[in-house]
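Chemist: The following block contains the structure, expressed as structure tokens.
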Amino acid sequence: MINPPARRTLRRTRTAVALLAAAALILGGAGPALSVAAQDSRSRTPKPTVVLVHGAWADASSWNRVIARLQADGYPVRAIANPLRSLSGDAASVKAFLETLTGPIVLVGHSYGGAVITNAAAGTPGVKALVYVNAFAPDAGESATQLAGPDSALSVPDPTTVFDLVPPALPPTAETDLYLKTPTVLTSFATGLSLDDKALVAATQRPATLGALNEPSGAPAWRTIPSWNVIGTKDRIIPAGVQRSMAERAGSTVVEYDAGHVGLMTAPRTVAHVIEQAARASVR
């Protein structure tokens, strides 16, 4: 016969064992769930920041339709001003901005902006991917004007037939501002847009200097950074064959689309899709 004190001790012992067993069961069952939650947390890697660099005769608003799609998909986006004064100076300006950011960066350039990102990304460790949209991807020593080639609508014997020079004195200097003549915008530069949008592009264009378009590039970042190239098959400013040649040389992932030079405005879905491809690849 068990005396009362012993009986109370036995009950306490049984209660403690039951509590320990329950705790073990709960913890054992929760273990896998906690592990899955931890793995899920690790899988939600922050998206890289997408930095968009416009080209000549444009400003950051040329990216508006692409920005809307990227932001809707949760990407942090910055479309920054490209000074359009000199290739080396423009690249230095973009590089200084990139150095204010934390985390991985996808750097995107349109047209002359491609030459700028090629130089700005060199030696900038945060840049994990380059995306060229109807853009120049120069090698060291090459200029935008040189790369455009003889089939470009801007490669004409008399530049004053496609450009307005400011100041108008001839011959132009490296500091001379170049504006596209309205007919050039309508028939060659802004193809694919409505007439009203073409007129808006012509009215709001920002000039590039002659020197910027003729300045040789430095060492290209595409030699060490993975790149994507979106090629407009109807581009009259940088012909598709020129774009293909630069993309092949850079080892870029290539996407061709049925667009003219301002495909970022006429086909923003395609452009945003390629940028997101590059972004996903950059954080694997």
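Chain labels run A, B, ... following the order of the structure tokens; each chain numbers its residues from 1, and ligands are numbered from 1 in the order shown.
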For segment 66-73 of chain A, work out the shell of residues within 8 Å, counting only C-alpha atoms and skipping chain neighbours fewer than 4 positions away, then give it as an MDAnalysis selection string.

Modeler: chainID A and resid 77 264:265 268:269 271:272 276

Chemist: Could you write out the selected residues, including N, CA and C atoms, as a compact mmCIF listing (two decimals), in the first residue's frame?

Modeler:
# COMPACT_ATOMS: atom_id res chain seq x y z
N VAL A 77 13.04 50.86 -58.58
CA VAL A 77 13.51 51.39 -59.86
C VAL A 77 13.97 52.83 -59.68
N LEU A 264 11.51 50.92 -76.02
CA LEU A 264 11.17 51.06 -74.60
C LEU A 264 9.85 51.77 -74.41
N MET A 265 9.42 52.56 -75.42
CA MET A 265 8.13 53.26 -75.37
C MET A 265 7.03 52.50 -76.12
N PRO A 268 6.98 48.25 -74.14
CA PRO A 268 7.52 48.21 -72.77
C PRO A 268 7.39 46.85 -72.10
N ARG A 269 6.38 46.06 -72.49
CA ARG A 269 6.22 44.74 -71.88
C ARG A 269 7.44 43.86 -72.16
N VAL A 271 10.49 44.84 -73.04
CA VAL A 271 11.69 45.40 -72.41
C VAL A 271 11.69 45.09 -70.91
N ALA A 272 10.57 45.28 -70.25
CA ALA A 272 10.48 44.99 -68.81
C ALA A 272 10.72 43.50 -68.54
N GLU A 276 13.63 41.92 -66.13
CA GLU A 276 13.32 41.04 -65.01
C GLU A 276 14.05 39.70 -65.13

Chemist: Any chance you could list, as a PyMOL selection string, the residues in segment 24-267 of chain A that come up helix (DSSP H, G or I) when DSSP is run on the backbone?

Modeler: chain A and resi 24-43+60-72+87-98+112-120+144-148+159-161+182-189+195-204+210-214+221-223+240-250+263-266

Chemist: Would you give me, as a PyMOL selection string, the residues in segment 73-107 of chain A that DSSP reads as strand (DSSP E or B)?

Modeler: chain A and resi 77-80+105-107

Chemist: Those residues you just picked out, can you put them in a file as a tab-separated table (two decimals), in the first residue's frame with N, CA, C and O atoms?

Modeler:
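Result file is selection.tsv:
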chain	number	residue	atom	x	y	z
A	77	VAL	N	13.04	50.86	-58.58
A	77	VAL	CA	13.51	51.39	-59.86
A	77	VAL	C	13.97	52.83	-59.68
A	77	VAL	O	13.33	53.62	-58.98
A	78	ARG	N	15.08	53.16	-60.32
A	78	ARG	CA	15.53	54.55	-60.40
A	78	ARG	C	15.88	54.85	-61.85
A	78	ARG	O	16.74	54.19	-62.44
A	79	ALA	N	15.18	55.82	-62.43
A	79	ALA	CA	15.51	56.30	-63.78
A	79	ALA	C	16.21	57.64	-63.58
A	79	ALA	O	15.60	58.60	-63.11
A	80	ILE	N	17.48	57.69	-63.93
A	80	ILE	CA	18.29	58.86	-63.55
A	80	ILE	C	18.65	59.71	-64.76
A	80	ILE	O	18.55	59.27	-65.91
A	105	ILE	N	22.51	45.49	-58.30
A	105	ILE	CA	21.96	46.47	-59.24
A	105	ILE	C	21.90	45.84	-60.62
A	105	ILE	O	22.84	45.18	-61.07
A	106	VAL	N	20.79	46.06	-61.30
A	106	VAL	CA	20.68	45.77	-62.73
A	106	VAL	C	20.72	47.11	-63.44
A	106	VAL	O	19.86	47.96	-63.25
A	107	LEU	N	21.75	47.31	-64.26
A	107	LEU	CA	21.98	48.60	-64.92
A	107	LEU	C	21.55	48.50	-66.38
A	107	LEU	O	22.02	47.62	-67.11

Chemist: Could you give me, as a ChimeraX atom specification, the residues within 6 Å of segment 128-140 of chain A, counting only C-alpha atoms and dropping anything in the same chain fewer than 5 positions from it?

Modeler: /A:105-112,114-115,217-220,225-232,246,282

Chemist: Restricting the output to C-alpha atoms, write the selected residues as a PDB file, in the first residue's frame.

Modeler:
ATOM      1  CA  ILE A 105      21.961  46.471 -59.236  1.00  0.00           C
ATOM      2  CA  VAL A 106      20.675  45.766 -62.732  1.00  0.00           C
ATOM      3  CA  LEU A 107      21.975  48.596 -64.917  1.00  0.00           C
ATOM      4  CA  VAL A 108      20.008  49.311 -68.085  1.00  0.00           C
ATOM      5  CA  GLY A 109      20.890  51.664 -70.948  1.00  0.00           C
ATOM      6  CA  HIS A 110      19.026  52.804 -74.055  1.00  0.00           C
ATOM      7  CA  SER A 111      20.808  54.017 -77.186  1.00  0.00           C
ATOM      8  CA  TYR A 112      23.786  56.224 -76.194  1.00  0.00           C
ATOM      9  CA  GLY A 114      24.379  51.837 -73.456  1.00  0.00           C
ATOM     10  CA  ALA A 115      27.797  53.404 -73.982  1.00  0.00           C
ATOM     11  CA  SER A 217      34.897  54.341 -74.774  1.00  0.00           C
ATOM     12  CA  GLY A 218      37.040  53.046 -71.964  1.00  0.00           C
ATOM     13  CA  ALA A 219      37.382  49.391 -70.959  1.00  0.00           C
ATOM     14  CA  PRO A 220      33.941  47.752 -71.267  1.00  0.00           C
ATOM     15  CA  ILE A 225      29.443  41.433 -66.078  1.00  0.00           C
ATOM     16  CA  PRO A 226      26.681  39.266 -67.615  1.00  0.00           C
ATOM     17  CA  SER A 227      24.656  41.163 -70.197  1.00  0.00           C
ATOM     18  CA  TRP A 228      21.328  41.031 -72.007  1.00  0.00           C
ATOM     19  CA  ASN A 229      20.647  42.733 -75.324  1.00  0.00           C
ATOM     20  CA  VAL A 230      17.188  43.761 -76.573  1.00  0.00           C
ATOM     21  CA  ILE A 231      17.463  44.325 -80.314  1.00  0.00           C
ATOM     22  CA  GLY A 232      14.879  46.269 -82.289  1.00  0.00           C
ATOM     23  CA  MET A 246      27.849  44.143 -80.491  1.00  0.00           C
ATOM     24  CA  SER A 282      21.602  38.306 -60.918  1.00  0.00           C
TER      25      SER A 282
END

Chemist: Please identify all polymer residues within 9 Å of Ser188 of chain A, counting only C-alpha atoms, omitting same-chain residues fewer than 2 positions from it, and present them as a PyMOL selection string.

Modeler: chain A and resi 153-154+183-186+190-191+235-237+260-261

Chemist: Which residues are close to Arg206 of chain A, i.e. within 7 Å by only C-alpha atoms, leaving aside same-chain residues fewer than 5 positions away? Reply as JSON, numbers by chain.

Modeler: {"A": [56, 57, 58, 59]}

Chemist: For those residues, write C-alpha atoms to a file as a short mmCIF file (atom, residue, chain, number, x, y, z; two decimals), in the first residue's frame.

Modeler:
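Once everything was written out, this is selection12.cif:
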data_model
loop_
_atom_site.label_atom_id
_atom_site.label_comp_id
_atom_site.auth_asym_id
_atom_site.auth_seq_id
_atom_site.Cartn_x
_atom_site.Cartn_y
_atom_site.Cartn_z
CA ALA A 56 20.51 61.11 -76.40
CA TRP A 57 17.50 63.25 -77.36
CA ALA A 58 15.51 61.88 -74.42
CA ASP A 59 15.17 62.13 -70.68
#

Chemist: Can you work out the spacing between atom CA of Ile275 of chain A and atom CA of Ala120 of chain A in Å, to one decimal?

Modeler: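 Interatomic distance here is 18.0 Å.
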
Chemist: Go ahead and compute the interatomic distance for atom CA of Gln243 of chain A and atom CA of Ala144 of chain A, in Å to one decimal.

Modeler: 11.7 Å

Chemist: Between atom CA of Leu101 of chain A and atom CA of Lys47 of chain A, what is the distance in Å, rounded to a tenth?

Modeler: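 According to the coordinates, atom CA of Leu101 of chain A and atom CA of Lys47 of chain A are separated by 13.0 Å.
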
Chemist: I want to know what sits within 12 Å of segment 157-160 of chain A, based on only C-alpha atoms, with residues of the same chain fewer than 3 positions away left out; could you give that as a compact mmCIF listing (two decimals) with N, CA, C and O atoms, in the first residue's frame?

Modeler:
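Saved the output as result_25.txt:
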# COMPACT_ATOMS: atom_id res chain seq x y z
N THR A 145 29.19 57.22 -82.55
CA THR A 145 29.10 57.61 -83.96
C THR A 145 29.76 56.58 -84.85
O THR A 145 29.23 56.20 -85.91
N PRO A 150 27.35 53.07 -91.50
CA PRO A 150 26.85 53.84 -92.65
C PRO A 150 25.35 53.70 -92.89
O PRO A 150 24.76 54.52 -93.60
N SER A 152 22.97 53.84 -90.61
CA SER A 152 22.16 54.62 -89.67
C SER A 152 21.55 55.82 -90.38
O SER A 152 22.20 56.45 -91.23
N ALA A 153 20.32 56.18 -89.99
CA ALA A 153 19.67 57.37 -90.56
C ALA A 153 20.42 58.64 -90.22
O ALA A 153 20.22 59.67 -90.86
N LEU A 154 21.29 58.58 -89.21
CA LEU A 154 22.05 59.76 -88.80
C LEU A 154 23.41 59.85 -89.49
O LEU A 154 24.12 60.84 -89.32
N PHE A 163 20.40 67.22 -88.12
CA PHE A 163 20.58 67.85 -86.82
C PHE A 163 20.40 69.36 -86.91
O PHE A 163 20.77 69.99 -87.91
N ASP A 164 19.89 69.95 -85.83
CA ASP A 164 19.99 71.38 -85.60
C ASP A 164 21.17 71.60 -84.66
O ASP A 164 21.24 70.95 -83.59
N LEU A 165 22.09 72.47 -85.03
CA LEU A 165 23.29 72.71 -84.24
C LEU A 165 23.10 73.95 -83.36
O LEU A 165 22.59 74.97 -83.82
N VAL A 166 23.52 73.84 -82.10
CA VAL A 166 23.46 74.98 -81.18
C VAL A 166 24.81 75.12 -80.48
O VAL A 166 25.20 74.21 -79.73
N PRO A 168 24.83 77.53 -84.08
CA PRO A 168 24.80 77.04 -85.46
C PRO A 168 26.10 77.23 -86.24
O PRO A 168 26.17 76.87 -87.42
N ALA A 169 27.13 77.75 -85.58
CA ALA A 169 28.39 78.01 -86.28
C ALA A 169 29.01 76.74 -86.83
O ALA A 169 28.96 75.67 -86.20
N LEU A 170 29.59 76.87 -88.00
CA LEU A 170 30.30 75.75 -88.64
C LEU A 170 31.78 76.09 -88.74
O LEU A 170 32.14 77.24 -88.97
N PRO A 171 32.65 75.10 -88.61
CA PRO A 171 32.31 73.72 -88.25
C PRO A 171 31.94 73.59 -86.78
O PRO A 171 32.36 74.41 -85.95
N PRO A 172 31.17 72.57 -86.41
CA PRO A 172 30.81 72.39 -85.01
C PRO A 172 32.01 71.96 -84.18
O PRO A 172 32.99 71.45 -84.72
N LEU A 178 23.60 68.98 -80.26
CA LEU A 178 22.90 68.44 -81.41
C LEU A 178 21.46 68.13 -81.03
O LEU A 178 21.20 67.37 -80.10
N TYR A 179 20.52 68.75 -81.74
CA TYR A 179 19.10 68.41 -81.64
C TYR A 179 18.70 67.70 -82.92
O TYR A 179 19.19 68.04 -84.01
N LEU A 180 17.80 66.73 -82.81
CA LEU A 180 17.28 66.10 -84.03
C LEU A 180 16.26 67.03 -84.68
O LEU A 180 15.39 67.61 -84.02
N LYS A 181 16.36 67.17 -85.99
CA LYS A 181 15.33 67.90 -86.71
C LYS A 181 14.01 67.14 -86.59
O LYS A 181 13.99 65.89 -86.50
N THR A 184 13.45 64.16 -88.76
CA THR A 184 14.27 63.01 -88.35
C THR A 184 13.60 62.25 -87.22
O THR A 184 13.59 61.01 -87.21
N LEU A 210 28.21 66.99 -79.56
CA LEU A 210 28.93 66.26 -80.60
C LEU A 210 30.08 65.47 -79.98
O LEU A 210 30.36 64.33 -80.38

Chemist: With only C-alpha atoms as the counted atoms, please give the residues lying no more than 12 Å from Pro46 of chain A, apart from itself and same-chain residues fewer than 4 positions off, as an NGL selection string.

Modeler: :A and (41-42 or 74-76 or 102-105 or 279-280 or 282-284)

Chemist: May I have the selected residues written with N, CA and C atoms, as a PDB file, in the first residue's frame?

Modeler:
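The result, stored in again.pdb:
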ATOM      1  N   SER A  41      11.897  32.093 -45.691  1.00  0.00           N
ATOM      2  CA  SER A  41      12.402  33.441 -45.429  1.00  0.00           C
ATOM      3  C   SER A  41      13.668  33.699 -46.229  1.00  0.00           C
ATOM      4  N   ARG A  42      14.543  32.667 -46.271  1.00  0.00           N
ATOM      5  CA  ARG A  42      15.776  32.827 -47.027  1.00  0.00           C
ATOM      6  C   ARG A  42      15.512  32.946 -48.519  1.00  0.00           C
ATOM      7  N   GLY A  74       7.118  44.678 -58.263  1.00  0.00           N
ATOM      8  CA  GLY A  74       7.826  44.767 -56.989  1.00  0.00           C
ATOM      9  C   GLY A  74       9.284  45.149 -57.053  1.00  0.00           C
ATOM     10  N   TYR A  75       9.752  45.656 -58.192  1.00  0.00           N
ATOM     11  CA  TYR A  75      11.161  46.027 -58.306  1.00  0.00           C
ATOM     12  C   TYR A  75      11.382  47.485 -57.910  1.00  0.00           C
ATOM     13  N   PRO A  76      12.390  47.754 -57.089  1.00  0.00           N
ATOM     14  CA  PRO A  76      12.784  49.144 -56.867  1.00  0.00           C
ATOM     15  C   PRO A  76      13.457  49.677 -58.126  1.00  0.00           C
ATOM     16  N   THR A 102      22.723  50.331 -52.147  1.00  0.00           N
ATOM     17  CA  THR A 102      23.156  49.095 -51.499  1.00  0.00           C
ATOM     18  C   THR A 102      22.462  47.921 -52.175  1.00  0.00           C
ATOM     19  N   GLY A 103      23.104  46.762 -52.128  1.00  0.00           N
ATOM     20  CA  GLY A 103      22.522  45.579 -52.742  1.00  0.00           C
ATOM     21  C   GLY A 103      22.818  45.496 -54.219  1.00  0.00           C
ATOM     22  N   PRO A 104      22.370  44.403 -54.841  1.00  0.00           N
ATOM     23  CA  PRO A 104      22.645  44.191 -56.272  1.00  0.00           C
ATOM     24  C   PRO A 104      21.895  45.183 -57.147  1.00  0.00           C
ATOM     25  N   ILE A 105      22.510  45.493 -58.295  1.00  0.00           N
ATOM     26  CA  ILE A 105      21.961  46.471 -59.236  1.00  0.00           C
ATOM     27  C   ILE A 105      21.898  45.844 -60.623  1.00  0.00           C
ATOM     28  N   ALA A 279      17.359  40.448 -63.832  1.00  0.00           N
ATOM     29  CA  ALA A 279      17.292  40.638 -62.379  1.00  0.00           C
ATOM     30  C   ALA A 279      17.238  39.308 -61.655  1.00  0.00           C
ATOM     31  N   ARG A 280      16.424  38.392 -62.146  1.00  0.00           N
ATOM     32  CA  ARG A 280      16.348  37.076 -61.491  1.00  0.00           C
ATOM     33  C   ARG A 280      17.666  36.329 -61.581  1.00  0.00           C
ATOM     34  N   SER A 282      20.555  37.619 -61.680  1.00  0.00           N
ATOM     35  CA  SER A 282      21.602  38.306 -60.918  1.00  0.00           C
ATOM     36  C   SER A 282      21.598  37.963 -59.434  1.00  0.00           C
ATOM     37  N   VAL A 283      20.500  37.378 -58.916  1.00  0.00           N
ATOM     38  CA  VAL A 283      20.424  37.069 -57.482  1.00  0.00           C
ATOM     39  C   VAL A 283      20.379  35.573 -57.219  1.00  0.00           C
ATOM     40  N   ARG A 284      20.664  34.768 -58.202  1.00  0.00           N
ATOM     41  CA  ARG A 284      20.674  33.306 -57.997  1.00  0.00           C
ATOM     42  C   ARG A 284      21.863  32.909 -57.137  1.00  0.00           C
TER      43      ARG A 284
END

Chemist: Could you check the closest approach to Ile238 of chain A for each of A:Ala203, A:Ala148, A:Ala96, A:Val116 and tell me which residue wins, using only C-alpha atoms?

Modeler: A:Ala148
